[in-house]
Every structure is written in structure tokens, then in C-alpha cells.
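As C-alpha cells, the structure follows; a few thoughts come after it.
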Amino acid sequence: MSGNCLNFEEPIKDAITRVRFAPESNNLLISSWDSSIRLVDVESSELRLEVQTEAAVLDCCFQNESVAFSAGSDGSVFRYDLHSGAYDIVGKHEDSATCIEYSPETGKVITAGWDGNVVAWDSRSAKASHAFVGSNSHVESISLCGFELLAAIGSSVRKYDLRKLNGTIQAEDLSMNKWIRCLSSMAFQKGFAVGSLDGHVTLQSHSVEKGYTFRCVPKSTKGKYHLVAVNDIAFSPSLPGVFVTGDNEGHVIAWDGSNRKRLLELTRYPNSVASLSYNHTGELLAVSSTYTYQEAYEMENQPQIFIQELGESNLKSAAVGGSARR
């Protein structure tokens, strides 16, 4: 299954915004600017579900194997029954809802939007807890680690406690000195990684006072300066310290954060890489190759999703035999 491109009878018509593997299966949730949510079984390439909404879907996530959520450009936050295809509204932002995560610890859906709000919605009732970020502040990315919510705002990472999320709580701000494009919590320890608009990645562990920053430079540039946005970061759920980055020129690179080294670089994808997701075993990586509307002269090939084998055995053979191919 190494490097397979998922084939759809009806191609995805607009830019892919997010891909997410299910918590316990190889079902993949896909959101897109074409106002759709799709659920695909990557083992059989079978489209299990497609639901059309009225607005572009900017992010999506699972609650479990049966329920998913989405955030829309019209501010709507929807919940989906993945068996029947039925969906209902959980709540609504006053502007576009750009980020969404589900918190198993609290049973709440966490969203952020261009209205300057971070909201924890109780999906079982109409109750919601709000934290006001600021009227001119856009949350670029959010990530969860237990009860800790991380939100990327400009060049800072803001930390919230989900048990105390309301408008009066003073959140902790950490300056990254770079304009942040994406944010991801570490899998095996408390900490996070951020990717910047100028091609840098910063690793910040709670056990280390100062973070470690490096340039995410593809080998093909031969060390030349590479000012390309890092659009997404995904940590392996099975290999401590291992994570992958995807950038706006189609490069996906695997890194060993613990030992500060590059593990492998995949063959360049035909479009920008907008989103990455590991499956629950850490053996498969979903890569969305799509335009992202970030650049005036961005590549505009047909949006595609590739499934790459990227478990421990693949990383070891790549380290010995050279770069991986898809």
C-alpha cells in the first residue's frame, strides 16, 4: 500500500482542508472547500460516506468510529452520524470556524474562529464555554494534550486549561518569534511543535526551558534558504519523538526530534501538502496534496490523497537504503 493514491469515482472538486484517520480503524475523514465531508476506507478505497453542507468545510475531527464533527466557513459546527449520514448543528461562531478538535477527557468539542473566540461545546447539550482571544486575533491552529488546549495566534502559542475555560481565565502565552502556520502536541510527552510561514519548525518540551528551532529544508534545495510555509506536523503514535512535516511546495520529511536528525524525505508531491495524519498504529500516513490558496502562483493540480507506509520498518530501511519512493 506504499504511496497509493486514493481514487474517487467523483473527484474532490476543490482544495482539501484536512485529513484525519479514525481512532481505531483505517477509515479516513476528509474535509474540503467543496463543502463536503467524506469518509473513506483506505484499505479498500471504498467511499463509505459523503455529506454536502452549505459552506466550505475548513476542518474536521472524529469523536469515535461513529461520530465526527466539522467546522465551516459560515461559522457552523456540525456533528455527523457516520453510519446514517445524518448531521445536526452543535453551535455557530459569528465568523468562520477554522479549527476543531474533540476532547475525550471533557467530552467537549473545541473550536476556534475568526470571531476571536475559542469555544468548548458540550455536544450533549446547548452549553458552551468561551475564551475570548481578541477581536483582531485569528487562531491559525489548535491542538489538545489531555486537559491542555494549545492555540497558535500570530507568533505566540496560548495555553488554556479546558477545566477552566471561560472569558476571565488568564492564559499563558509563549512567544515563538515566528509567524505560526501549524501546531501539534507531542505524542509521548508534554510539549508541542510549531511550523512557521518561513519554513522553520520549533520543538518545545515542558521538560526543557528553551525550545529547539531548525529550518525544514528539503535535500533538493542543497542547503539553500527555503522560505516555504510548513502547513502541517504529525507525530507518530508509535515511535517516540518521530514526526513528519508537510510544506507548501509538496515536500514531506520525517524527523527524529529526540536526536535532532532527518530520517527520510518522500518524493515531492504534485501539489502543496495541506494536511497529514497517521493511522492509529503509526504504520500509515495520509498526505493531502492540494492547493491551499496561500500563494498567488500556487500549483493547481487536481487535489489528491496519498497513503504512504511509514512505520518503523519503513523508516529503518529508508535510513539504510536511501530516500523512500511512492
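Naming works like this for the C-alpha cells: A, B, ... for the chains as they're shown, residue 1 at the start of each chain, ligands 1 onward in shown order.
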Skip region 199-216 of chain A itself and residues of its chain fewer than 4 positions away, then list as a ChimeraX atom specification all residues within 6 Å of it, counting only C-alpha atoms.
/A:190-195,227-230
Using only C-alpha atoms, what table do you get, as a Markdown table, when you list each residue of region 31-74 of chain A with an atom no more than 12 Å from region 113-132 of chain A, its nearest pair of atoms, and their distance in Å rounded to one decimal, rows by chain then rising number?
```
| residue | atom | partner | partner_atom | distance |
| --- | --- | --- | --- | --- |
| A:Leu58 | CA | A:Gly113 | CA | 10.4 |
| A:Asp59 | CA | A:Gly113 | CA | 11.0 |
| A:Gln63 | CA | A:Ser123 | CA | 10.3 |
| A:Val67 | CA | A:Ser123 | CA | 11.0 |
| A:Ala68 | CA | A:Ser123 | CA | 11.1 |
| A:Phe69 | CA | A:Ser123 | CA | 9.9 |
| A:Ala71 | CA | A:Gly113 | CA | 8.9 |
| A:Gly72 | CA | A:Gly113 | CA | 9.5 |
| A:Ser73 | CA | A:Gly113 | CA | 9.1 |
| A:Asp74 | CA | A:Gly113 | CA | 10.1 |
```
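Secondary structure of region 82-125 of chain A, strand (DSSP E or B) only (DSSP, backbone atoms): Tyr87, Asp88, Ile89, Val90, Gly91, Lys92, Ala97, Thr98, Cys99, Ile100, Glu101, Tyr102, Ser103, Lys108, Val109, Ile110, Thr111, Ala112, Gly113, Asn117, Val118, Val119, Ala120, Trp121 and Asp122 of chain A.
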Skipping near chain neighbours, those fewer than 4 positions away, what residues fall within 9 Å of Leu183 (chain A) using only C-alpha atoms, listed as a PyMOL selection string?
chain A and resi 140-143+150-152+157+192-195+232-233
For the selection just defined, write its residues with N, CA and C atoms to a file, as a compact mmCIF listing (two decimals), in the first residue's frame.
```txt
# COMPACT_ATOMS: atom_id res chain seq x y z
N GLU A 140 -4.79 30.32 14.18
CA GLU A 140 -4.36 29.60 12.98
C GLU A 140 -4.46 28.10 13.16
N SER A 141 -4.26 27.60 14.39
CA SER A 141 -4.22 26.16 14.62
C SER A 141 -4.44 25.89 16.10
N ILE A 142 -5.07 24.74 16.43
CA ILE A 142 -5.21 24.33 17.82
C ILE A 142 -4.79 22.87 17.95
N SER A 143 -4.44 22.48 19.17
CA SER A 143 -4.07 21.09 19.45
C SER A 143 -4.36 20.79 20.91
N LEU A 150 -3.85 24.07 23.30
CA LEU A 150 -2.86 24.96 22.73
C LEU A 150 -3.47 25.65 21.52
N ALA A 151 -3.29 26.97 21.43
CA ALA A 151 -3.82 27.74 20.30
C ALA A 151 -2.72 28.62 19.72
N ALA A 152 -2.50 28.52 18.41
CA ALA A 152 -1.50 29.35 17.73
C ALA A 152 -2.15 30.64 17.27
N VAL A 157 2.01 30.94 21.12
CA VAL A 157 1.20 29.78 21.47
C VAL A 157 0.54 30.08 22.81
N PHE A 192 5.09 20.42 22.40
CA PHE A 192 4.44 20.64 21.12
C PHE A 192 5.48 21.06 20.08
N ALA A 193 5.04 21.06 18.83
CA ALA A 193 5.85 21.54 17.72
C ALA A 193 5.04 22.55 16.94
N VAL A 194 5.69 23.59 16.46
CA VAL A 194 5.03 24.57 15.60
C VAL A 194 5.80 24.68 14.28
N GLY A 195 5.04 24.87 13.20
CA GLY A 195 5.63 25.12 11.90
C GLY A 195 5.33 26.55 11.51
N ASP A 232 1.67 21.55 7.99
CA ASP A 232 1.18 20.61 8.99
C ASP A 232 2.32 19.80 9.58
N ILE A 233 2.10 19.34 10.81
CA ILE A 233 3.03 18.48 11.54
C ILE A 233 2.23 17.35 12.16
```
Can you tell me which residues surround Cys145 (chain A) at a distance of at most 10 Å, considering only C-alpha atoms, apart from same-chain residues fewer than 6 positions away, and format the answer as a PyMOL selection string?
chain A and resi 103+105+184-187+189-192
Using the selection just defined, write its residues with C-alpha atoms as an mmCIF file, in the first residue's frame.
```cif
data_model
loop_
_atom_site.group_PDB
_atom_site.id
_atom_site.type_symbol
_atom_site.label_atom_id
_atom_site.label_comp_id
_atom_site.auth_asym_id
_atom_site.auth_seq_id
_atom_site.Cartn_x
_atom_site.Cartn_y
_atom_site.Cartn_z
ATOM 1 C CA SER A 103 -11.545 16.269 23.848
ATOM 2 C CA GLU A 105 -11.237 13.949 28.723
ATOM 3 C CA SER A 184 0.788 19.861 17.028
ATOM 4 C CA SER A 185 1.048 18.352 20.507
ATOM 5 C CA MET A 186 3.701 15.697 21.130
ATOM 6 C CA ALA A 187 2.522 12.100 21.389
ATOM 7 C CA GLN A 189 5.450 13.693 26.435
ATOM 8 C CA LYS A 190 4.111 17.120 27.313
ATOM 9 C CA GLY A 191 5.201 19.524 24.639
ATOM 10 C CA PHE A 192 4.445 20.641 21.122
#
```
Two-atom distance - CA of Gln302 (chain A), CA of Cys5 (chain A) (Å)
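Straight-line distance from CA of Gln302 (chain A) to CA of Cys5 (chain A) works out to 11.9 Å.
Proximity to Gly146 (chain A) was assessed for A:Arg163, A:Arg181, A:Arg18, A:Arg158 counting only C-alpha atoms; the smallest distance is recorded for A:Arg163.
Across the model, the gap from CA of Leu263 (chain A) to CA of Val242 (chain A) is 8.8 Å.
When CA of Thr267 (chain A) is paired with CA of His251 (chain A), their separation reads 7.4 Å.
Using only C-alpha atoms, the shortest contact distance between Phe21 (chain A) and any of A:Gly75, A:Gly85, A:Pro270, A:Gly282 is found at A:Gly282.
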Would you kindly return, as a ChimeraX atom specification, each protein, DNA or RNA residue with an atom no farther than 8 Å from any atom of Glu101 (chain A), considering only C-alpha atoms and excluding same-chain residues fewer than 6 positions away?
/A:60-62,109-111,142-144
